file model-v1.tsv (TSV, N, CA and C atoms)
chain	number	residue	atom	x	y	z
W	157	SER	N	-80.18	85.55	-98.18
W	157	SER	CA	-80.17	85.28	-96.74
W	157	SER	C	-80.29	83.78	-96.49
W	158	SER	N	-79.93	83.35	-95.32
W	158	SER	CA	-79.78	81.93	-95.03
W	158	SER	C	-81.11	81.22	-94.81
W	159	GLY	N	-82.15	81.94	-94.42
W	159	GLY	CA	-83.43	81.28	-94.15
W	159	GLY	C	-83.67	81.12	-92.66
W	160	THR	N	-82.64	80.75	-91.90
W	160	THR	CA	-82.85	80.54	-90.47
W	160	THR	C	-82.88	81.87	-89.72
W	161	ASP	N	-82.27	82.90	-90.28
W	161	ASP	CA	-82.24	84.20	-89.61
W	161	ASP	C	-83.38	85.11	-90.04
W	162	ASP	N	-84.12	84.70	-91.06
W	162	ASP	CA	-85.22	85.54	-91.53
W	162	ASP	C	-86.32	85.56	-90.49
W	163	VAL	N	-86.76	86.75	-90.15
W	163	VAL	CA	-87.87	86.88	-89.22
W	163	VAL	C	-89.15	86.89	-90.04
W	164	THR	N	-90.05	85.98	-89.73
W	164	THR	CA	-91.31	85.92	-90.48
W	164	THR	C	-92.23	87.02	-89.98
W	165	ALA	N	-93.26	87.30	-90.76
W	165	ALA	CA	-94.26	88.30	-90.36
W	165	ALA	C	-94.92	87.90	-89.04
W	166	ALA	N	-95.16	86.61	-88.86
W	166	ALA	CA	-95.79	86.14	-87.62
W	166	ALA	C	-94.88	86.40	-86.42
W	167	GLU	N	-93.60	86.11	-86.58
W	167	GLU	CA	-92.66	86.39	-85.48
W	167	GLU	C	-92.60	87.87	-85.17
W	168	ALA	N	-92.50	88.68	-86.22
W	168	ALA	CA	-92.42	90.13	-86.02
W	168	ALA	C	-93.67	90.64	-85.31
W	169	TYR	N	-94.84	90.12	-85.69
W	169	TYR	CA	-96.09	90.55	-85.07
W	169	TYR	C	-96.10	90.18	-83.58
W	170	LEU	N	-95.78	88.92	-83.26
W	170	LEU	CA	-95.81	88.48	-81.86
W	170	LEU	C	-94.78	89.24	-81.03
W	171	GLU	N	-93.61	89.47	-81.62
W	171	GLU	CA	-92.59	90.24	-80.90
W	171	GLU	C	-93.07	91.67	-80.66
W	172	SER	N	-93.85	92.23	-81.61
W	172	SER	CA	-94.38	93.58	-81.43
W	172	SER	C	-95.39	93.64	-80.29
W	173	LEU	N	-95.99	92.49	-79.96
W	173	LEU	CA	-96.92	92.42	-78.83
W	173	LEU	C	-96.18	92.23	-77.51
W	174	GLY	N	-94.86	92.09	-77.60
W	174	GLY	CA	-94.07	91.93	-76.39
W	174	GLY	C	-93.86	90.49	-75.97
W	175	TRP	N	-94.07	89.55	-76.88
W	175	TRP	CA	-93.87	88.15	-76.53
W	175	TRP	C	-92.39	87.92	-76.22
W	176	SER	N	-92.14	87.10	-75.23
W	176	SER	CA	-90.77	86.88	-74.76
W	176	SER	C	-89.96	86.08	-75.77
W	177	GLU	N	-88.66	86.27	-75.69
W	177	GLU	CA	-87.75	85.50	-76.54
W	177	GLU	C	-87.89	84.01	-76.26
W	178	GLU	N	-88.08	83.67	-74.98
W	178	GLU	CA	-88.25	82.26	-74.59
W	178	GLU	C	-89.47	81.65	-75.29
W	179	THR	N	-90.58	82.36	-75.27
W	179	THR	CA	-91.79	81.86	-75.93
W	179	THR	C	-91.57	81.75	-77.43
W	180	MET	N	-90.94	82.76	-78.02
W	180	MET	CA	-90.70	82.73	-79.45
W	180	MET	C	-89.80	81.55	-79.83
W	181	ASN	N	-88.79	81.26	-79.02
W	181	ASN	CA	-87.92	80.12	-79.29
W	181	ASN	C	-88.68	78.81	-79.20
W	182	LYS	N	-89.59	78.69	-78.20
W	182	LYS	CA	-90.41	77.49	-78.09
W	182	LYS	C	-91.29	77.32	-79.32
W	183	LEU	N	-91.91	78.42	-79.72
W	183	LEU	CA	-92.77	78.37	-80.90
W	183	LEU	C	-92.00	77.84	-82.10
W	184	LYS	N	-90.85	78.44	-82.33
W	184	LYS	CA	-90.09	78.09	-83.53
W	184	LYS	C	-89.58	76.65	-83.46
W	185	SER	N	-89.20	76.19	-82.27
W	185	SER	CA	-88.65	74.83	-82.17
W	185	SER	C	-89.74	73.77	-82.24
W	186	ARG	N	-90.97	74.12	-81.86
W	186	ARG	CA	-92.06	73.14	-81.80
W	186	ARG	C	-92.98	73.18	-83.01
W	187	TYR	N	-92.78	74.12	-83.90
W	187	TYR	CA	-93.73	74.31	-84.99
W	187	TYR	C	-93.41	73.45	-86.20
W	188	GLN	N	-92.78	72.37	-86.13
W	188	GLN	CA	-92.57	71.38	-87.20
W	188	GLN	C	-91.95	71.91	-88.49
W	189	GLU	N	-92.26	73.09	-88.95
W	189	GLU	CA	-91.53	73.66	-90.07
W	189	GLU	C	-91.32	75.13	-89.75
W	190	LYS	N	-90.85	75.89	-90.69
W	190	LYS	CA	-90.60	77.30	-90.42
W	190	LYS	C	-91.87	77.95	-89.87
W	191	PHE	N	-91.72	78.67	-88.77
W	191	PHE	CA	-92.87	79.30	-88.13
W	191	PHE	C	-93.32	80.49	-88.97
W	192	ASN	N	-94.36	80.26	-89.76
W	192	ASN	CA	-94.80	81.32	-90.64
W	192	ASN	C	-96.31	81.26	-90.90
W	193	PRO	N	-97.13	81.15	-89.82
W	193	PRO	CA	-98.57	81.20	-90.07
W	193	PRO	C	-98.96	82.59	-90.55
W	194	ASN	N	-100.06	82.67	-91.28
W	194	ASN	CA	-100.53	83.96	-91.79
W	194	ASN	C	-101.03	84.82	-90.63
W	195	VAL	N	-100.49	86.03	-90.53
W	195	VAL	CA	-100.83	86.90	-89.40
W	195	VAL	C	-102.31	87.24	-89.37
W	196	ASP	N	-102.85	87.68	-90.51
W	196	ASP	CA	-104.25	88.11	-90.52
W	196	ASP	C	-105.24	86.96	-90.51
W	197	ALA	N	-104.88	85.83	-91.14
W	197	ALA	CA	-105.80	84.70	-91.23
W	197	ALA	C	-105.72	83.78	-90.02
W	198	SER	N	-104.54	83.67	-89.39
W	198	SER	CA	-104.36	82.70	-88.31
W	198	SER	C	-104.01	83.33	-86.97
W	199	VAL	N	-102.97	84.14	-86.96
W	199	VAL	CA	-102.41	84.61	-85.69
W	199	VAL	C	-103.37	85.55	-84.98
W	200	LYS	N	-103.78	86.62	-85.64
W	200	LYS	CA	-104.65	87.60	-84.97
W	200	LYS	C	-105.99	86.99	-84.54
W	201	PRO	N	-106.68	86.21	-85.42
W	201	PRO	CA	-107.95	85.63	-84.97
W	201	PRO	C	-107.80	84.67	-83.78
W	202	LEU	N	-106.73	83.86	-83.78
W	202	LEU	CA	-106.53	82.94	-82.66
W	202	LEU	C	-106.30	83.70	-81.37
W	203	LEU	N	-105.41	84.69	-81.39
W	203	LEU	CA	-105.11	85.45	-80.18
W	203	LEU	C	-106.36	86.16	-79.68
W	204	GLN	N	-107.14	86.73	-80.60
W	204	GLN	CA	-108.37	87.42	-80.21
W	204	GLN	C	-109.36	86.45	-79.58
W	205	TRP	N	-109.51	85.26	-80.16
W	205	TRP	CA	-110.44	84.27	-79.62
W	205	TRP	C	-110.01	83.83	-78.22
W	206	LEU	N	-108.71	83.57	-78.04
W	206	LEU	CA	-108.22	83.16	-76.72
W	206	LEU	C	-108.45	84.26	-75.70
W	207	GLU	N	-108.22	85.51	-76.09
W	207	GLU	CA	-108.48	86.62	-75.17
W	207	GLU	C	-109.97	86.75	-74.88
W	208	ASP	N	-110.81	86.56	-75.90
W	208	ASP	CA	-112.26	86.64	-75.70
W	208	ASP	C	-112.75	85.53	-74.75
W	209	LEU	N	-112.07	84.39	-74.79
W	209	LEU	CA	-112.42	83.31	-73.86
W	209	LEU	C	-112.09	83.68	-72.42
W	210	GLY	N	-111.12	84.59	-72.27
W	210	GLY	CA	-110.76	85.03	-70.93
W	210	GLY	C	-109.33	84.72	-70.54
W	211	LEU	N	-108.51	84.23	-71.48
W	211	LEU	CA	-107.11	83.98	-71.16
W	211	LEU	C	-106.37	85.31	-71.05
W	212	SER	N	-105.49	85.39	-70.08
W	212	SER	CA	-104.63	86.57	-69.94
W	212	SER	C	-103.56	86.51	-71.03
W	213	ASP	N	-102.87	87.64	-71.23
W	213	ASP	CA	-101.77	87.66	-72.21
W	213	ASP	C	-100.74	86.58	-71.87
W	214	GLU	N	-100.44	86.44	-70.57
W	214	GLU	CA	-99.46	85.44	-70.15
W	214	GLU	C	-99.95	84.03	-70.46
W	215	GLN	N	-101.23	83.77	-70.20
W	215	GLN	CA	-101.78	82.43	-70.49
W	215	GLN	C	-101.78	82.15	-71.99
W	216	VAL	N	-102.08	83.16	-72.80
W	216	VAL	CA	-102.06	82.99	-74.25
W	216	VAL	C	-100.65	82.61	-74.69
W	217	GLN	N	-99.66	83.37	-74.22
W	217	GLN	CA	-98.27	83.08	-74.60
W	217	GLN	C	-97.87	81.67	-74.18
W	218	LYS	N	-98.20	81.30	-72.95
W	218	LYS	CA	-97.80	79.98	-72.44
W	218	LYS	C	-98.48	78.86	-73.23
W	219	SER	N	-99.78	78.99	-73.46
W	219	SER	CA	-100.49	77.90	-74.13
W	219	SER	C	-100.06	77.76	-75.58
W	220	VAL	N	-99.88	78.89	-76.27
W	220	VAL	CA	-99.44	78.82	-77.66
W	220	VAL	C	-97.97	78.38	-77.72
W	221	GLY	N	-97.17	78.80	-76.74
W	221	GLY	CA	-95.78	78.35	-76.67
W	221	GLY	C	-95.68	76.84	-76.46
W	222	ARG	N	-96.60	76.30	-75.66
W	222	ARG	CA	-96.62	74.86	-75.41
W	222	ARG	C	-97.12	74.08	-76.62
W	223	PHE	N	-98.06	74.68	-77.33
W	223	PHE	CA	-98.73	73.94	-78.41
W	223	PHE	C	-98.97	74.87	-79.61
W	224	PRO	N	-97.90	75.20	-80.34
W	224	PRO	CA	-98.03	76.16	-81.44
W	224	PRO	C	-98.88	75.65	-82.60
W	225	ARG	N	-99.20	74.37	-82.60
W	225	ARG	CA	-100.10	73.87	-83.65
W	225	ARG	C	-101.47	74.54	-83.57
W	226	LEU	N	-101.78	75.21	-82.45
W	226	LEU	CA	-103.03	75.97	-82.37
W	226	LEU	C	-103.19	76.90	-83.57
W	227	PHE	N	-102.07	77.45	-84.04
W	227	PHE	CA	-102.13	78.36	-85.19
W	227	PHE	C	-102.59	77.66	-86.47
W	228	ARG	N	-102.50	76.35	-86.51
W	228	ARG	CA	-102.88	75.61	-87.71
W	228	ARG	C	-104.35	75.25	-87.72
W	229	PHE	N	-105.00	75.31	-86.57
W	229	PHE	CA	-106.38	74.83	-86.48
W	229	PHE	C	-107.37	75.90	-86.91
W	230	SER	N	-108.44	75.45	-87.53
W	230	SER	CA	-109.53	76.34	-87.90
W	230	SER	C	-110.30	76.73	-86.64
W	231	LEU	N	-110.50	78.03	-86.48
W	231	LEU	CA	-111.32	78.49	-85.36
W	231	LEU	C	-112.74	77.94	-85.48
W	232	GLU	N	-113.31	78.06	-86.68
W	232	GLU	CA	-114.72	77.70	-86.86
W	232	GLU	C	-114.95	76.19	-86.85
W	233	ASN	N	-114.01	75.41	-87.38
W	233	ASN	CA	-114.22	73.97	-87.52
W	233	ASN	C	-113.60	73.14	-86.42
W	234	LYS	N	-112.68	73.71	-85.65
W	234	LYS	CA	-111.97	72.92	-84.65
W	234	LYS	C	-112.04	73.55	-83.26
W	235	LEU	N	-111.58	74.78	-83.12
W	235	LEU	CA	-111.42	75.36	-81.79
W	235	LEU	C	-112.74	75.78	-81.14
W	236	LYS	N	-113.57	76.47	-81.90
W	236	LYS	CA	-114.86	76.88	-81.32
W	236	LYS	C	-115.75	75.68	-81.00
W	237	PRO	N	-115.83	74.67	-81.88
W	237	PRO	CA	-116.62	73.48	-81.50
W	237	PRO	C	-116.07	72.78	-80.26
W	238	PHE	N	-114.74	72.76	-80.12
W	238	PHE	CA	-114.13	72.16	-78.92
W	238	PHE	C	-114.56	72.92	-77.67
W	239	ALA	N	-114.49	74.24	-77.72
W	239	ALA	CA	-114.89	75.05	-76.56
W	239	ALA	C	-116.37	74.86	-76.25
W	240	ARG	N	-117.21	74.82	-77.31
W	240	ARG	CA	-118.65	74.59	-77.09
W	240	ARG	C	-118.89	73.23	-76.45
W	241	TRP	N	-118.13	72.22	-76.88
W	241	TRP	CA	-118.28	70.88	-76.31
W	241	TRP	C	-117.94	70.90	-74.82
W	242	LEU	N	-116.87	71.60	-74.45
W	242	LEU	CA	-116.53	71.70	-73.03
W	242	LEU	C	-117.67	72.38	-72.25
W	243	GLU	N	-118.26	73.41	-72.85
W	243	GLU	CA	-119.39	74.08	-72.19
W	243	GLU	C	-120.58	73.13	-72.07
W	244	ASP	N	-120.81	72.32	-73.11
W	244	ASP	CA	-121.90	71.34	-73.07
W	244	ASP	C	-121.68	70.31	-71.96
W	245	LEU	N	-120.43	70.07	-71.61
W	245	LEU	CA	-120.13	69.14	-70.51
W	245	LEU	C	-120.41	69.77	-69.15
W	246	GLY	N	-120.65	71.09	-69.15
W	246	GLY	CA	-120.98	71.76	-67.90
W	246	GLY	C	-119.94	72.75	-67.42
W	247	LEU	N	-118.88	72.95	-68.19
W	247	LEU	CA	-117.88	73.94	-67.80
W	247	LEU	C	-118.39	75.33	-68.15
W	248	ASP	N	-118.13	76.31	-67.27
W	248	ASP	CA	-118.46	77.68	-67.62
W	248	ASP	C	-117.29	78.29	-68.39
W	249	LYS	N	-117.48	79.50	-68.90
W	249	LYS	CA	-116.47	80.10	-69.77
W	249	LYS	C	-115.10	80.21	-69.07
W	250	PRO	N	-115.04	80.66	-67.80
W	250	PRO	CA	-113.72	80.70	-67.14
W	250	PRO	C	-113.07	79.32	-67.01
W	251	GLN	N	-113.87	78.28	-66.82
W	251	GLN	CA	-113.32	76.92	-66.74
W	251	GLN	C	-112.82	76.45	-68.10
W	252	VAL	N	-113.55	76.80	-69.16
W	252	VAL	CA	-113.11	76.48	-70.52
W	252	VAL	C	-111.77	77.16	-70.79
W	253	ALA	N	-111.69	78.44	-70.44
W	253	ALA	CA	-110.44	79.19	-70.63
W	253	ALA	C	-109.29	78.54	-69.87
W	254	LYS	N	-109.57	78.15	-68.62
W	254	LYS	CA	-108.53	77.52	-67.80
W	254	LYS	C	-108.09	76.18	-68.40
W	255	ALA	N	-109.04	75.40	-68.89
W	255	ALA	CA	-108.72	74.10	-69.49
W	255	ALA	C	-107.83	74.29	-70.72
W	256	ILE	N	-108.18	75.24	-71.57
W	256	ILE	CA	-107.39	75.47	-72.78
W	256	ILE	C	-106.03	76.05	-72.44
W	257	ALA	N	-105.99	76.93	-71.44
W	257	ALA	CA	-104.71	77.52	-71.02
W	257	ALA	C	-103.78	76.44	-70.47
W	258	LYS	N	-104.34	75.52	-69.69
W	258	LYS	CA	-103.52	74.52	-69.01
W	258	LYS	C	-103.17	73.34	-69.93
W	259	PHE	N	-104.11	72.96	-70.78
W	259	PHE	CA	-103.92	71.78	-71.65
W	259	PHE	C	-104.24	72.13	-73.10
W	260	PRO	N	-103.48	73.03	-73.72
W	260	PRO	CA	-103.81	73.44	-75.09
W	260	PRO	C	-103.77	72.29	-76.09
W	261	ASN	N	-102.97	71.26	-75.79
W	261	ASN	CA	-102.88	70.12	-76.71
W	261	ASN	C	-104.20	69.36	-76.81
W	262	MET	N	-105.09	69.51	-75.82
W	262	MET	CA	-106.43	68.90	-75.91
W	262	MET	C	-107.16	69.37	-77.15
W	263	CYS	N	-106.89	70.62	-77.56
W	263	CYS	CA	-107.56	71.17	-78.74
W	263	CYS	C	-107.20	70.40	-80.00
W	264	GLY	N	-106.10	69.67	-79.95
W	264	GLY	CA	-105.68	68.90	-81.11
W	264	GLY	C	-106.33	67.54	-81.22
W	265	LEU	N	-107.02	67.12	-80.17
W	265	LEU	CA	-107.67	65.82	-80.19
W	265	LEU	C	-109.00	65.91	-80.95
W	266	SER	N	-109.37	64.82	-81.54
W	266	SER	CA	-110.64	64.76	-82.25
W	266	SER	C	-111.78	64.57	-81.25
W	267	LEU	N	-112.80	65.41	-81.39
W	267	LEU	CA	-113.97	65.24	-80.53
W	267	LEU	C	-114.59	63.87	-80.74
W	268	GLU	N	-114.79	63.50	-82.00
W	268	GLU	CA	-115.50	62.26	-82.31
W	268	GLU	C	-114.67	61.01	-82.01
W	269	ALA	N	-113.38	61.06	-82.33
W	269	ALA	CA	-112.55	59.86	-82.20
W	269	ALA	C	-111.94	59.71	-80.81
W	270	ASN	N	-111.70	60.83	-80.10
W	270	ASN	CA	-110.99	60.75	-78.83
W	270	ASN	C	-111.82	61.19	-77.63
W	271	LEU	N	-112.30	62.42	-77.67
W	271	LEU	CA	-112.84	63.03	-76.46
W	271	LEU	C	-114.23	62.53	-76.10
W	272	LYS	N	-115.13	62.48	-77.07
W	272	LYS	CA	-116.49	62.01	-76.75
W	272	LYS	C	-116.47	60.56	-76.26
W	273	PRO	N	-115.72	59.65	-76.92
W	273	PRO	CA	-115.66	58.28	-76.40
W	273	PRO	C	-115.06	58.20	-74.99
W	274	LEU	N	-114.06	59.03	-74.70
W	274	LEU	CA	-113.45	59.03	-73.37
W	274	LEU	C	-114.46	59.46	-72.32
W	275	VAL	N	-115.19	60.53	-72.59
W	275	VAL	CA	-116.18	61.01	-71.63
W	275	VAL	C	-117.28	59.97	-71.46
W	276	GLN	N	-117.72	59.34	-72.55
W	276	GLN	CA	-118.74	58.30	-72.46
W	276	GLN	C	-118.25	57.14	-71.60
W	277	TRP	N	-117.00	56.75	-71.78
W	277	TRP	CA	-116.42	55.67	-71.00
W	277	TRP	C	-116.40	56.03	-69.52
W	278	LEU	N	-115.99	57.26	-69.21
W	278	LEU	CA	-115.95	57.71	-67.81
W	278	LEU	C	-117.36	57.73	-67.22
W	279	GLU	N	-118.34	58.19	-68.00
W	279	GLU	CA	-119.73	58.20	-67.52
W	279	GLU	C	-120.23	56.78	-67.31
W	280	ASP	N	-119.85	55.86	-68.20
W	280	ASP	CA	-120.25	54.47	-68.05
W	280	ASP	C	-119.67	53.85	-66.79
W	281	LEU	N	-118.51	54.35	-66.36
W	281	LEU	CA	-117.90	53.89	-65.11
W	281	LEU	C	-118.59	54.47	-63.89
W	282	GLY	N	-119.47	55.45	-64.13
W	282	GLY	CA	-120.20	56.04	-63.02
W	282	GLY	C	-119.74	57.43	-62.64
W	283	LEU	N	-118.82	57.98	-63.40
W	283	LEU	CA	-118.35	59.33	-63.10
W	283	LEU	C	-119.40	60.34	-63.56
W	284	ASP	N	-119.80	61.22	-62.65
W	284	ASP	CA	-120.77	62.25	-63.01
W	284	ASP	C	-120.06	63.38	-63.74
W	285	LYS	N	-120.84	64.14	-64.52
W	285	LYS	CA	-120.28	65.29	-65.23
W	285	LYS	C	-119.75	66.30	-64.24
call {"tool": "encode", "arguments": {"input": "model-v1.tsv", "output": "structure tokens"}}
result
Amino acid sequence: SSGTDDVTAAEAYLESLGWSEETMNKLKSRYQEKFNPNVDASVKPLLQWLEDLGLSDEQVQKSVGRFPRLFRFSLENKLKPFARWLEDLGLDKPQVAKAIAKFPNMCGLSLEANLKPLVQWLEDLGLDK
């Protein structure tokens, strides 16, 4: 087979959940190499975590479609600490869910190198939490 027509297990799984062709095409075009994250190790845990945060199925599809690198991030070392940091800033769980749904690429930023210094700078300017 040619390679480009092969449906990966991840694609088959997401399609079985009813993900749209448009979302699947975005995923494949934005995922830097062949879209083939491990279903049990990456795809299912990420989708479950996003749903547990309170994202709707539509929000999950949109955010992952916008930023498929989410599948590459460790839940324990990257995504959960990011969500906890947002909560520590004073956001409640629905606000954390909304932030991740609207700006999933924020999850790719480093807390130490990018986000914490930005918040400190804003606070130094007098912006309240």
call {"tool": "residues_around", "arguments": {"input": "model-v1.tsv", "residues": "stretch 206-216 of chain W", "least_positions_apart": "4", "cutoff": "12 Å", "atoms": "only C-alpha atoms", "output": "PyMOL selection string"}}
result
chain W and resi 170+173-176+179+199-202+220-224+226-227+231+235-236+239-240+243+248-260
call {"tool": "closest_residue", "arguments": {"input": "model-v1.tsv", "among": "W:Met180, W:Leu281, W:Leu242, W:Ala269", "to": "W:Gln217", "atoms": "only C-alpha atoms"}}
result
W:Met180
call {"tool": "atom_distance", "arguments": {"input": "model-v1.tsv", "atom1": "atom CA of W:Asn181", "atom2": "atom C of W:Leu265"}}
result
25.5 Å
call {"tool": "atom_distance", "arguments": {"input": "model-v1.tsv", "atom1": "atom CA of W:Phe191", "atom2": "atom CA of W:Ser266"}}
result
23.7 Å
call {"tool": "atom_distance", "arguments": {"input": "model-v1.tsv", "atom1": "atom CA of W:Leu278", "atom2": "atom CA of W:Lys218"}}
result
29.1 Å
call {"tool": "closest_residue", "arguments": {"input": "model-v1.tsv", "among": "W:Leu183, W:Trp205, W:Leu245, W:Val195", "to": "W:Leu271", "atoms": "only C-alpha atoms"}}
result
W:Leu245
call {"tool": "closest_residue", "arguments": {"input": "model-v1.tsv", "among": "W:Val275, W:Ala197, W:Phe238, W:Asn233", "to": "W:Met262", "atoms": "all atoms listed in the file"}}
result
W:Phe238
call {"tool": "select_by_dssp", "arguments": {"input": "model-v1.tsv", "residues": "stretch 169-285 of chain W", "states": "helix (DSSP H, G or I)", "output": "PyMOL selection string"}}
result
chain W and resi 169-172+177-186+195-209+213-222+224-228+231-244+249-258+260-264+267-280
call {"tool": "closest_residue", "arguments": {"input": "model-v1.tsv", "among": "W:Glu232, W:Glu178, W:Leu203, W:Asn194", "to": "W:Ala166", "atoms": "only N, CA and C atoms"}}
result
W:Asn194
